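Q: Provided below: entry_13.csv, containing CSV, C-alpha atoms.
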chain,number,residue,atom,x,y,z
N,402,MET,CA,0.0,0.0,0.0
N,403,SER,CA,1.6,3.3,-1.1
N,404,ILE,CA,2.1,6.4,0.9
N,405,ASP,CA,0.2,8.3,-1.7
N,406,THR,CA,-2.8,5.9,-1.3
N,407,GLU,CA,-2.8,6.4,2.4
N,408,LEU,CA,-2.5,10.1,2.1
N,409,ALA,CA,-5.5,10.1,-0.3
N,410,ARG,CA,-7.5,8.0,2.1
N,411,HIS,CA,-6.6,10.4,5.0
N,412,THR,CA,-7.6,13.4,2.9
N,413,MET,CA,-10.9,11.8,1.9
N,414,VAL,CA,-11.8,11.3,5.6
N,415,GLU,CA,-10.5,14.6,7.0
N,416,ASN,CA,-11.4,17.0,4.1
N,417,GLN,CA,-14.5,15.4,2.6
N,418,ILE,CA,-16.3,13.2,5.2
N,419,ARG,CA,-15.6,14.9,8.5
N,420,PRO,CA,-16.6,18.4,7.3
N,421,TRP,CA,-20.0,17.0,6.3
N,422,GLU,CA,-20.6,16.6,10.1
N,423,VAL,CA,-19.7,12.9,10.1
N,424,LEU,CA,-18.1,12.7,13.6
N,425,ASP,CA,-18.9,9.2,14.8
N,426,VAL,CA,-15.5,7.7,15.7
N,427,ARG,CA,-16.6,4.1,14.8
N,428,VAL,CA,-17.7,5.3,11.3
N,429,LEU,CA,-14.5,7.3,10.7
N,430,ASP,CA,-12.3,4.4,11.8
N,431,THR,CA,-14.2,2.1,9.5
N,432,LEU,CA,-13.7,4.4,6.5
N,433,ARG,CA,-10.0,4.8,7.4
N,434,GLU,CA,-9.4,1.0,7.8
N,435,LEU,CA,-11.4,-0.5,4.9
N,436,ARG,CA,-9.6,-0.3,1.5
N,437,ARG,CA,-12.2,1.6,-0.5
N,438,GLU,CA,-10.0,1.3,-3.6
N,439,ALA,CA,-10.4,-2.5,-3.5
N,440,PHE,CA,-14.1,-2.1,-4.1
N,441,VAL,CA,-13.8,0.3,-7.0
N,442,PRO,CA,-13.8,-1.0,-10.6
N,443,GLU,CA,-10.2,-1.4,-11.6
N,444,HIS,CA,-10.3,1.2,-14.4
N,445,LEU,CA,-11.6,3.8,-11.9
N,446,ARG,CA,-9.2,3.2,-9.0
N,447,HIS,CA,-7.4,6.4,-9.6
N,448,LEU,CA,-10.7,8.1,-8.6
N,449,ALA,CA,-11.3,5.8,-5.5
N,450,PHE,CA,-11.1,8.7,-3.1
N,451,ALA,CA,-12.6,11.5,-5.2
N,452,ASP,CA,-15.7,13.4,-4.2
N,453,MET,CA,-17.8,11.8,-6.9
N,454,ALA,CA,-20.2,8.9,-7.6
N,455,LEU,CA,-18.5,6.2,-9.7
N,456,PRO,CA,-20.3,4.2,-12.4
N,457,LEU,CA,-20.6,0.5,-11.9
N,458,GLY,CA,-22.6,-0.5,-15.0
N,459,HIS,CA,-26.4,-1.1,-15.4
N,460,GLY,CA,-27.0,2.6,-14.5
N,461,GLU,CA,-25.8,1.9,-10.9
N,462,PHE,CA,-23.2,4.0,-9.1
N,463,MET,CA,-21.0,3.8,-6.1
N,464,PHE,CA,-22.0,6.5,-3.7
N,465,LYS,CA,-19.7,9.5,-3.0
N,466,PRO,CA,-17.6,9.0,0.2
N,467,VAL,CA,-19.6,11.7,2.0
N,468,ILE,CA,-22.9,10.0,1.3
N,469,GLU,CA,-21.5,6.7,2.6
N,470,GLY,CA,-20.3,8.5,5.8
N,471,ARG,CA,-23.7,10.2,6.4
N,472,ILE,CA,-25.6,6.9,5.9
N,473,LEU,CA,-23.4,5.0,8.3
N,474,GLN,CA,-23.6,7.7,10.9
N,475,ALA,CA,-27.4,8.0,10.6
N,476,LEU,CA,-27.8,4.2,11.0
N,477,ALA,CA,-25.8,4.1,14.3
N,478,LEU,CA,-25.4,0.4,13.9
N,479,ALA,CA,-25.0,-1.7,17.0
N,480,ALA,CA,-22.8,-4.8,17.1
N,481,ASP,CA,-25.7,-7.2,17.6
N,482,GLU,CA,-27.9,-5.8,14.8
N,483,ARG,CA,-28.9,-7.6,11.6
N,484,VAL,CA,-29.1,-5.5,8.4
N,485,LEU,CA,-30.9,-5.9,5.1
N,486,GLU,CA,-29.4,-3.9,2.2
N,487,VAL,CA,-31.2,-3.5,-1.1
N,488,GLY,CA,-28.7,-2.8,-3.9
N,489,THR,CA,-25.3,-4.2,-3.2
N,490,GLY,CA,-23.5,-2.2,-5.9
N,491,SER,CA,-19.7,-2.3,-5.3
N,492,GLY,CA,-20.1,-3.9,-1.9
N,493,PHE,CA,-18.2,-1.1,-0.1
N,494,LEU,CA,-21.1,0.2,1.9
N,495,THR,CA,-22.0,-3.5,2.6
N,496,ALA,CA,-18.5,-4.1,4.0
N,497,CYS,CA,-18.7,-1.0,6.2
N,498,MET,CA,-22.0,-2.0,7.6
N,499,ALA,CA,-20.7,-5.6,8.2
N,500,ARG,CA,-17.8,-4.1,10.3
N,501,LEU,CA,-20.3,-2.2,12.5
N,502,ALA,CA,-23.2,-4.8,12.8
N,503,ALA,CA,-23.6,-8.5,13.4
N,504,SER,CA,-24.5,-9.5,9.9
N,505,VAL,CA,-25.6,-8.1,6.5
N,506,THR,CA,-27.9,-9.7,3.9
N,507,SER,CA,-27.5,-7.7,0.7
N,508,VAL,CA,-29.7,-8.2,-2.4
N,509,GLU,CA,-28.4,-7.2,-5.9
N,510,ARG,CA,-30.5,-7.7,-9.0
N,511,HIS,CA,-27.5,-7.8,-11.4
N,512,ALA,CA,-25.7,-11.1,-11.2
N,513,ASP,CA,-22.3,-9.7,-12.4
N,514,LEU,CA,-22.4,-6.9,-9.7
N,515,ALA,CA,-23.4,-9.5,-7.1
N,516,ASP,CA,-20.5,-11.8,-8.1
N,517,ALA,CA,-18.0,-9.0,-8.1
N,518,ALA,CA,-19.1,-7.8,-4.7
N,519,ARG,CA,-18.9,-11.3,-3.2
N,520,LYS,CA,-15.2,-11.6,-4.5
N,521,ARG,CA,-14.3,-8.2,-3.0
N,522,LEU,CA,-15.9,-9.0,0.3
N,523,ALA,CA,-14.1,-12.4,0.4
N,524,SER,CA,-10.8,-10.7,-0.4
N,525,ALA,CA,-11.4,-8.2,2.4
N,526,HIS,CA,-12.0,-11.2,4.8
N,527,ILE,CA,-15.5,-10.1,5.6
N,528,GLY,CA,-17.5,-13.2,6.4
N,529,ASN,CA,-20.7,-11.9,8.0
N,530,VAL,CA,-22.3,-10.9,4.7
N,531,ARG,CA,-24.6,-12.9,2.5
N,532,VAL,CA,-25.0,-11.4,-1.0
N,533,GLU,CA,-28.1,-12.7,-2.9
N,534,THR,CA,-29.0,-12.1,-6.5
N,535,GLY,CA,-32.6,-11.0,-7.0
N,536,ASP,CA,-35.0,-8.1,-7.2
N,537,ALA,CA,-36.1,-7.1,-3.6
N,538,LEU,CA,-38.9,-5.0,-5.2
N,539,GLY,CA,-39.9,-7.7,-7.6
N,540,GLU,CA,-40.0,-11.5,-7.3
N,541,ALA,CA,-37.5,-11.7,-4.5
N,542,ARG,CA,-39.5,-11.7,-1.2
N,543,THR,CA,-38.6,-12.5,2.3
N,544,SER,CA,-40.5,-13.2,5.5
N,545,GLU,CA,-37.4,-12.3,7.6
N,546,THR,CA,-37.3,-9.2,9.7
N,547,PHE,CA,-34.2,-7.1,10.4
N,548,ASP,CA,-33.1,-4.5,12.8
N,549,VAL,CA,-32.1,-2.2,10.0
N,550,VAL,CA,-33.1,-2.0,6.3
N,551,VAL,CA,-31.0,0.2,3.9
N,552,LEU,CA,-32.2,1.1,0.4
N,553,GLY,CA,-29.1,1.7,-1.8
N,554,GLY,CA,-31.0,3.8,-4.4
N,555,GLY,CA,-33.9,6.2,-4.7
N,556,VAL,CA,-37.6,5.4,-4.3
N,557,TYR,CA,-40.6,7.5,-5.1
N,558,ALA,CA,-42.2,6.2,-1.9
N,559,ILE,CA,-40.9,3.6,0.6
N,560,PRO,CA,-42.3,0.2,-0.6
N,561,GLU,CA,-44.6,-1.5,1.9
N,562,GLN,CA,-42.8,-4.9,1.4
N,563,LEU,CA,-39.6,-3.4,2.7
N,564,ARG,CA,-41.3,-1.6,5.6
N,565,ALA,CA,-42.6,-5.1,6.6
N,566,CYS,CA,-39.0,-6.3,6.8
N,567,VAL,CA,-38.2,-3.9,9.7
N,568,ARG,CA,-38.9,-5.4,13.1
N,569,PRO,CA,-40.7,-3.1,15.7
N,570,GLY,CA,-38.1,-0.7,17.1
N,571,GLY,CA,-36.0,-1.1,13.9
N,572,ARG,CA,-34.9,1.5,11.3
N,573,LEU,CA,-35.1,2.0,7.6
N,574,PHE,CA,-32.9,4.3,5.6
N,575,ALA,CA,-34.0,5.5,2.1
N,576,PHE,CA,-33.7,8.2,-0.5
N,577,VAL,CA,-37.3,9.3,-1.1
N,578,GLY,CA,-39.0,11.6,-3.6
N,579,GLU,CA,-38.4,13.0,-7.0
N,580,SER,CA,-35.1,13.6,-8.7
N,581,PRO,CA,-33.1,15.8,-8.5
N,582,ALA,CA,-34.1,16.6,-4.9
N,583,LEU,CA,-34.5,13.3,-3.1
N,584,GLN,CA,-34.6,13.4,0.7
N,585,ALA,CA,-32.4,11.0,2.7
N,586,VAL,CA,-34.7,9.8,5.5
N,587,LEU,CA,-34.4,7.6,8.5
N,588,ALA,CA,-37.7,6.0,9.4
N,589,THR,CA,-38.2,4.2,12.8
N,590,ARG,CA,-40.8,1.6,13.3
N,591,GLU,CA,-42.3,2.5,16.7
N,592,GLY,CA,-45.0,-0.2,16.6
N,593,PRO,CA,-46.8,-2.6,14.2
N,594,ALA,CA,-48.2,0.3,12.1
N,595,GLN,CA,-46.6,3.3,13.8
N,596,TRP,CA,-43.6,5.1,12.2
N,597,THR,CA,-41.6,8.2,12.8
N,598,GLN,CA,-39.4,9.7,10.1
N,599,ARG,CA,-36.8,12.4,10.0
N,600,SER,CA,-35.1,14.0,7.0
N,601,LEU,CA,-31.3,14.0,7.1
N,602,PHE,CA,-30.1,15.7,3.9
N,603,GLU,CA,-31.0,16.3,0.2
N,604,THR,CA,-29.2,14.7,-2.7
N,605,ASP,CA,-29.8,12.9,-6.0
N,606,VAL,CA,-29.2,9.2,-6.7
N,607,PRO,CA,-30.5,6.8,-9.3
N,608,TYR,CA,-33.8,5.0,-8.5
N,609,LEU,CA,-34.0,1.4,-7.6
N,610,HIS,CA,-35.7,-0.8,-10.2
N,611,ASN,CA,-39.5,-0.7,-9.8
N,612,ALA,CA,-39.3,2.2,-7.4
N,613,GLU,CA,-39.4,5.1,-9.9
N,614,PRO,CA,-42.0,7.9,-9.9
N,615,PRO,CA,-45.2,7.2,-11.8
N,616,ARG,CA,-45.2,8.3,-15.4
N,617,ARG,CA,-47.1,11.5,-16.0
N,618,PHE,CA,-48.8,12.1,-19.3
N,619,SER,CA,-49.5,15.5,-20.8
N,620,LEU,CA,-51.5,16.5,-23.8
Rewrite the structure from the file as structure tokens, please.
A:
Amino acid sequence: MSIDTELARHTMVENQIRPWEVLDVRVLDTLRELRREAFVPEHLRHLAFADMALPLGHGEFMFKPVIEGRILQALALAADERVLEVGTGSGFLTACMARLAASVTSVERHADLADAARKRLASAHIGNVRVETGDALGEARTSETFDVVVLGGGVYAIPEQLRACVRPGGRLFAFVGESPALQAVLATREGPAQWTQRSLFETDVPYLHNAEPPRRFSL
């Protein structure tokens, strides 16, 4: 690992992520210790620490480092919590959550992205992750409940089948609304049908498949 790589990683944490009010020590340590460059497509590794979203194919992107930091801080994962992630992407956010929680089940609809993420996670010696290939908003259904559900892309509205995956007392993170001004929200399930929700920040990310805004027709 070169001095230049470590300097770039330090700069990413100190000059990008921390100034965006990401101050949780566990989160910052995770972002310092995990090799982000190992989860970036090889031809884009020179941009691994840049303040930009990186394309993964199929219209999917690896989040900016600041977005990853804000998500991890908002989740406040405990070491005994189980996480469901919808949209594995590069696998980097998956790896970060796995460092902070008991286990992560991640669902990715594109088989090639799922395979690549599995290999990266194995190379990083992260064994408490299960990456499944399927469409969590389509045919792939689960009766399991989780402490935390994380949607790795935008949704026009939070799908009910994913709300149902959150145990009472658990949390759901999502980017909700209409592009280009989606709200990053953290929803907490207070009871069987009771939810509270707070808005964290505004950004723009690609929509998850089957979660786009309804088409509007005009004359």
Q: Using all atoms listed in the file, pick whichever of N:Asp405, N:Asp548, N:Asp605, N:Glu469 has the shortest atom-to-atom distance to N:Asp481.
A: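 Ranked by minimum distance to N:Asp481, first place goes to N:Asp548.
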Q: N:Ser491, N:Gln474, N:Thr589, N:Gln584: which is nearest N:Lys520, counting all atoms listed in the file?
A: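 Smallest distance to N:Lys520 is found for N:Ser491.
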Q: Just to confirm, what's the straight-line distance from atom CA of N:Gly578 to atom CA of N:Gly555 in Å (one decimal)?
A: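 Between these atoms lies a distance of 7.5 Å.
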Q: Which of these residues is nearest to N:Val426, using all atoms listed in the file: N:Ala594, N:Ile468, N:Leu501, N:Val441?
A: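 Closest to N:Val426 of all the choices is N:Leu501.
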Q: Between atom CA of N:Ala439 and atom CA of N:Leu522, what is the distance in Å, rounded to a tenth?
A: 9.3 Å
Q: Counting only C-alpha atoms, which residue out of N:Arg427, N:His459, N:Arg433, N:Arg483 sits closest to N:Met413?
A: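 The answer is N:Arg433, which sits nearest to N:Met413.
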Q: Name all residues at most 10 Å from N:Ala612 (count only C-alpha atoms; drop same-chain ones fewer than 5 positions away) and give them as a compact mmCIF listing (two decimals) with C-alpha atoms, in the coordinates of the input.
A:
# COMPACT_ATOMS: atom_id res chain seq x y z
CA LEU N 538 -38.90 -5.00 -5.20
CA GLY N 539 -39.90 -7.70 -7.60
CA GLY N 554 -31.00 3.80 -4.40
CA GLY N 555 -33.90 6.20 -4.70
CA VAL N 556 -37.60 5.40 -4.30
CA TYR N 557 -40.60 7.50 -5.10
CA ALA N 558 -42.20 6.20 -1.90
CA ILE N 559 -40.90 3.60 0.60
CA PRO N 560 -42.30 0.20 -0.60
CA VAL N 577 -37.30 9.30 -1.10
Q: With distances taken over only C-alpha atoms, which residue among N:Glu603, N:Glu415, N:Glu438, N:Glu443 lies nearest N:Ala525?
A: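 Residue with the minimum atom-to-atom distance to N:Ala525: N:Glu438.
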